[in-house]
Amino acid sequence: GVVDRKDVIDGRAIAAGDWWGAKSFYQAPLYPYFLAVVMALAGEHLPLVYFLQILLHSGSAVLIYCIGRGMGGKKVGVAASLLFIFHGLFSFYALKIHTETLAVFLHLLLAYFLLPNRRAGYSALAGFTLGVLIFCKAYALLYLPSIAVYILLQKDDSREEKIKRIAAFALPALALISLVTIHNFRRGGGFVPIAGDGGINFYIGNHARANGSFSFVEGVSLDIKHQESDARRLAE
């Protein structure tokens with residue numbers, strides 16, 4: 001059930017005062033902390049979580065409009081926003097205890113701050129947003145060098161302006177990432193930049209019988225509460 005999901009269990013523990021945990025993070029930690037804040041303020045009130053995710057979903061529609069308008073004009077913004085609103089999958093996740101609605105919002109906020117012809121201040125906001133997004137989806141760590149290249153390729157900026165924008169972008173992102181990396185190192189996880197589930201996810205996508213979709217790994221539980229120990233045993 002929902003109350004037995006690892007995100008909810010971790011959120012419950014954080015709300016009870018265990019803010020850092022005894023081990024390094026196995027999954028990206030932002031969503032459990034999001035749940036913990038709700039639980040600390042209002043108890044285990046899942047309808048409030050759904051309401052907040054509906055607000056994030058609505059904010060995503062607004063961001064899509066703003067991005068579309070910035071890239072192609074008002075009509076593009078309206079069309080893109082309507083396509084998003086009437087896409088059932090995004091609405092589906094808004095009413096689930098799942099990280100996707102928060103992740104979509106952060107992706108769009110990052111894209112908004114990276115629109116062309118932005119000042120260095122927007123680059124700093126983009127860097128901060130990327131850091132938060134990485135806490136939500138660890139694979140977003142790969143965006144860091146990609147966005148630096150994107151800034152370098154901007155045609156209207158001087159070389160000095162590009163360097164300034166890259167620095168403004170990278171510093172807050174790296175500062176946030178370092179907080180989790182240090183936490184994981186101090187909790188005995190070795191060098192784990194964000195989360196420890198990268199190995200099993202890589203294996204799922206690349207083992208001999210992988211077909212491009214999620215596939216069951218023999219000996220590894222589908223229940224995330226047991227997956228870490230199962231994956232460690234399989235690796236050893």
# chains A, B, ... in the order shown; residues from 1 in each chain; ligands from 1

$ residues_around --residues "region 178-192 of chain A" --least-positions-apart "3" --cutoff "9 Å" --atoms "only C-alpha atoms" --output "CSV table (one decimal) with C-alpha atoms, in the first residue's frame"
chain,number,residue,atom,x,y,z
A,20,TRP,CA,20.1,12.6,8.0
A,21,GLY,CA,19.7,8.9,8.5
A,22,ALA,CA,22.3,6.3,9.5
A,23,LYS,CA,23.3,5.3,5.9
A,24,SER,CA,24.2,6.9,2.7
A,25,PHE,CA,21.3,7.6,0.3
A,29,PRO,CA,16.5,12.0,-1.4
A,135,PHE,CA,18.4,15.6,-5.4
A,173,ALA,CA,24.9,23.4,-8.5
A,174,LEU,CA,28.2,22.0,-7.3
A,175,ALA,CA,27.7,23.4,-3.8
A,195,ALA,CA,22.5,7.9,-4.6
A,196,GLY,CA,23.6,4.3,-4.6

$ residues_around --residues "Gly59 (chain A)" --least-positions-apart "2" --cutoff "12 Å" --atoms "only C-alpha atoms" --output "PDB file with N, CA, C and O atoms, in the first residue's frame"
ATOM      1  N   LEU A  52      -0.704  19.519  -3.112  1.00  0.00           N
ATOM      2  CA  LEU A  52       0.533  20.237  -3.441  1.00  0.00           C
ATOM      3  C   LEU A  52       1.070  19.791  -4.799  1.00  0.00           C
ATOM      4  O   LEU A  52       1.598  20.604  -5.569  1.00  0.00           O
ATOM      5  N   GLN A  53       0.926  18.511  -5.110  1.00  0.00           N
ATOM      6  CA  GLN A  53       1.387  18.029  -6.416  1.00  0.00           C
ATOM      7  C   GLN A  53       0.506  18.558  -7.538  1.00  0.00           C
ATOM      8  O   GLN A  53       1.004  18.802  -8.648  1.00  0.00           O
ATOM      9  N   ILE A  54      -0.774  18.757  -7.283  1.00  0.00           N
ATOM     10  CA  ILE A  54      -1.644  19.385  -8.283  1.00  0.00           C
ATOM     11  C   ILE A  54      -1.189  20.821  -8.532  1.00  0.00           C
ATOM     12  O   ILE A  54      -1.172  21.287  -9.682  1.00  0.00           O
ATOM     13  N   LEU A  55      -0.780  21.522  -7.457  1.00  0.00           N
ATOM     14  CA  LEU A  55      -0.248  22.877  -7.627  1.00  0.00           C
ATOM     15  C   LEU A  55       1.030  22.857  -8.461  1.00  0.00           C
ATOM     16  O   LEU A  55       1.233  23.709  -9.340  1.00  0.00           O
ATOM     17  N   LEU A  56       1.911  21.886  -8.199  1.00  0.00           N
ATOM     18  CA  LEU A  56       3.132  21.754  -8.997  1.00  0.00           C
ATOM     19  C   LEU A  56       2.790  21.442 -10.450  1.00  0.00           C
ATOM     20  O   LEU A  56       3.420  21.976 -11.370  1.00  0.00           O
ATOM     21  N   HIS A  57       1.808  20.580 -10.650  1.00  0.00           N
ATOM     22  CA  HIS A  57       1.355  20.234 -12.003  1.00  0.00           C
ATOM     23  C   HIS A  57       0.846  21.484 -12.729  1.00  0.00           C
ATOM     24  O   HIS A  57       1.162  21.712 -13.909  1.00  0.00           O
ATOM     25  N   ALA A  61       2.348  23.601 -16.124  1.00  0.00           N
ATOM     26  CA  ALA A  61       1.616  24.081 -17.302  1.00  0.00           C
ATOM     27  C   ALA A  61       1.950  25.537 -17.590  1.00  0.00           C
ATOM     28  O   ALA A  61       2.128  25.934 -18.747  1.00  0.00           O
ATOM     29  N   VAL A  62       2.060  26.349 -16.536  1.00  0.00           N
ATOM     30  CA  VAL A  62       2.421  27.758 -16.706  1.00  0.00           C
ATOM     31  C   VAL A  62       3.836  27.885 -17.252  1.00  0.00           C
ATOM     32  O   VAL A  62       4.110  28.692 -18.156  1.00  0.00           O
ATOM     33  N   LEU A  63       4.764  27.083 -16.712  1.00  0.00           N
ATOM     34  CA  LEU A  63       6.148  27.135 -17.186  1.00  0.00           C
ATOM     35  C   LEU A  63       6.252  26.728 -18.646  1.00  0.00           C
ATOM     36  O   LEU A  63       7.016  27.325 -19.417  1.00  0.00           O
ATOM     37  N   ILE A  64       5.488  25.719 -19.054  1.00  0.00           N
ATOM     38  CA  ILE A  64       5.505  25.305 -20.459  1.00  0.00           C
ATOM     39  C   ILE A  64       5.019  26.448 -21.346  1.00  0.00           C
ATOM     40  O   ILE A  64       5.578  26.700 -22.427  1.00  0.00           O
ATOM     41  N   TYR A  65       3.974  27.133 -20.898  1.00  0.00           N
ATOM     42  CA  TYR A  65       3.500  28.293 -21.668  1.00  0.00           C
ATOM     43  C   TYR A  65       4.606  29.345 -21.791  1.00  0.00           C
ATOM     44  O   TYR A  65       4.853  29.876 -22.883  1.00  0.00           O
ATOM     45  N   CYS A  66       5.270  29.651 -20.677  1.00  0.00           N
ATOM     46  CA  CYS A  66       6.316  30.685 -20.688  1.00  0.00           C
ATOM     47  C   CYS A  66       7.491  30.284 -21.572  1.00  0.00           C
ATOM     48  O   CYS A  66       8.034  31.117 -22.313  1.00  0.00           O
ATOM     49  N   SER A  81       1.192  24.258 -23.743  1.00  0.00           N
ATOM     50  CA  SER A  81       0.584  24.146 -22.421  1.00  0.00           C
ATOM     51  C   SER A  81      -0.673  23.280 -22.468  1.00  0.00           C
ATOM     52  O   SER A  81      -0.895  22.435 -21.592  1.00  0.00           O
ATOM     53  N   PHE A  84       0.157  19.629 -22.722  1.00  0.00           N
ATOM     54  CA  PHE A  84       0.583  19.121 -21.420  1.00  0.00           C
ATOM     55  C   PHE A  84      -0.620  18.866 -20.508  1.00  0.00           C
ATOM     56  O   PHE A  84      -0.734  17.816 -19.870  1.00  0.00           O
ATOM     57  N   ILE A  85      -1.527  19.848 -20.450  1.00  0.00           N
ATOM     58  CA  ILE A  85      -2.688  19.755 -19.553  1.00  0.00           C
ATOM     59  C   ILE A  85      -3.538  18.529 -19.879  1.00  0.00           C
ATOM     60  O   ILE A  85      -4.023  17.829 -18.982  1.00  0.00           O
ATOM     61  N   ALA A  94       0.241  13.169 -10.757  1.00  0.00           N
ATOM     62  CA  ALA A  94      -0.029  14.214  -9.766  1.00  0.00           C
ATOM     63  C   ALA A  94      -0.840  13.682  -8.594  1.00  0.00           C
ATOM     64  O   ALA A  94      -0.795  14.252  -7.496  1.00  0.00           O
ATOM     65  N   THR A 101       5.907  14.169 -10.570  1.00  0.00           N
ATOM     66  CA  THR A 101       5.330  15.513 -10.696  1.00  0.00           C
ATOM     67  C   THR A 101       6.326  16.568 -10.243  1.00  0.00           C
ATOM     68  O   THR A 101       6.482  17.615 -10.886  1.00  0.00           O
ATOM     69  N   LEU A 102       7.008  16.305  -9.141  1.00  0.00           N
ATOM     70  CA  LEU A 102       8.037  17.223  -8.662  1.00  0.00           C
ATOM     71  C   LEU A 102       9.194  17.309  -9.654  1.00  0.00           C
ATOM     72  O   LEU A 102       9.699  18.407  -9.935  1.00  0.00           O
ATOM     73  N   VAL A 104       9.149  16.764 -12.959  1.00  0.00           N
ATOM     74  CA  VAL A 104       8.734  17.476 -14.167  1.00  0.00           C
ATOM     75  C   VAL A 104       8.769  18.983 -13.922  1.00  0.00           C
ATOM     76  O   VAL A 104       9.265  19.761 -14.759  1.00  0.00           O
ATOM     77  N   PHE A 105       8.245  19.413 -12.788  1.00  0.00           N
ATOM     78  CA  PHE A 105       8.246  20.842 -12.459  1.00  0.00           C
ATOM     79  C   PHE A 105       9.673  21.390 -12.425  1.00  0.00           C
ATOM     80  O   PHE A 105       9.955  22.465 -12.982  1.00  0.00           O
ATOM     81  N   LEU A 106      10.583  20.672 -11.796  1.00  0.00           N
ATOM     82  CA  LEU A 106      11.972  21.142 -11.682  1.00  0.00           C
ATOM     83  C   LEU A 106      12.666  21.154 -13.040  1.00  0.00           C
ATOM     84  O   LEU A 106      13.455  22.063 -13.337  1.00  0.00           O
ATOM     85  N   HIS A 107      12.387  20.162 -13.880  1.00  0.00           N
ATOM     86  CA  HIS A 107      12.943  20.162 -15.235  1.00  0.00           C
ATOM     87  C   HIS A 107      12.490  21.417 -16.001  1.00  0.00           C
ATOM     88  O   HIS A 107      13.299  22.076 -16.682  1.00  0.00           O
ATOM     89  N   LEU A 108      11.220  21.729 -15.896  1.00  0.00           N
ATOM     90  CA  LEU A 108      10.685  22.881 -16.629  1.00  0.00           C
ATOM     91  C   LEU A 108      11.202  24.195 -16.053  1.00  0.00           C
ATOM     92  O   LEU A 108      11.484  25.137 -16.810  1.00  0.00           O
ATOM     93  N   LEU A 109      11.335  24.269 -14.747  1.00  0.00           N
ATOM     94  CA  LEU A 109      11.896  25.478 -14.137  1.00  0.00           C
ATOM     95  C   LEU A 109      13.333  25.687 -14.596  1.00  0.00           C
ATOM     96  O   LEU A 109      13.739  26.823 -14.907  1.00  0.00           O
ATOM     97  N   TYR A 112      13.240  26.990 -18.119  1.00  0.00           N
ATOM     98  CA  TYR A 112      12.823  28.394 -18.148  1.00  0.00           C
ATOM     99  C   TYR A 112      13.991  29.317 -17.841  1.00  0.00           C
ATOM    100  O   TYR A 112      14.183  30.345 -18.518  1.00  0.00           O
TER     101      TYR A 112
END

$ select_by_dssp --residues "region 9-227 of chain A" --states "helix (DSSP H, G or I)" --output "JSON, numbers by chain"
{"A": [9, 10, 11, 12, 13, 14, 15, 30, 31, 32, 33, 34, 35, 36, 37, 38, 39, 40, 41, 42, 46, 47, 48, 49, 50, 51, 52, 53, 54, 55, 56, 57, 58, 59, 60, 61, 62, 63, 64, 65, 66, 67, 68, 69, 70, 71, 72, 74, 75, 76, 77, 78, 79, 80, 81, 82, 83, 84, 85, 88, 89, 90, 91, 92, 93, 94, 100, 101, 102, 103, 104, 105, 106, 107, 108, 109, 110, 111, 112, 113, 120, 121, 122, 123, 124, 125, 126, 127, 128, 129, 130, 131, 132, 133, 134, 135, 136, 138, 139, 140, 141, 142, 143, 144, 145, 146, 147, 148, 149, 150, 151, 152, 159, 160, 161, 162, 163, 164, 165, 166, 167, 168, 169, 170, 171, 172, 173, 174, 175, 176, 177, 178, 179, 180, 181, 182, 183, 184, 185, 186, 198, 199, 200, 201, 202, 203, 204, 205, 206, 224, 225, 226, 227]}

$ residues_around --residues "Tyr31 (chain A)" --least-positions-apart "6" --cutoff "10 Å" --atoms "only C-alpha atoms" --output "MDAnalysis selection string"
chainID A and resid 7:8 10:11 37 97:100 102:103 135:137

$ residues_around --residues "Ile151 (chain A)" --least-positions-apart "3" --cutoff "8 Å" --atoms "only C-alpha atoms" --output "PDB file with C-alpha atoms, in the first residue's frame"
ATOM      1  CA  ILE A 147      24.356  22.794 -19.986  1.00  0.00           C
ATOM      2  CA  ALA A 148      27.869  24.256 -19.738  1.00  0.00           C
ATOM      3  CA  GLN A 154      25.274  30.810 -27.316  1.00  0.00           C
ATOM      4  CA  LYS A 162      29.913  32.962 -21.366  1.00  0.00           C
ATOM      5  CA  ARG A 165      27.434  32.565 -16.964  1.00  0.00           C
ATOM      6  CA  ILE A 166      29.060  29.132 -16.679  1.00  0.00           C
TER       7      ILE A 166
END

$ atom_distance --atom1 "CA of Asn117 (chain A)" --atom2 "CA of Asp157 (chain A)"
8.1 Å

$ atom_distance --atom1 "CA of Leu41 (chain A)" --atom2 "CA of Pro172 (chain A)"
28.1 Å

$ atom_distance --atom1 "CA of Ile67 (chain A)" --atom2 "CA of Pro32 (chain A)"
28.8 Å

$ closest_residue --among "A:Ala138, A:Pro116, A:Tyr122, A:Phe90" --to "Lys164 (chain A)" --atoms "only C-alpha atoms"
A:Tyr122
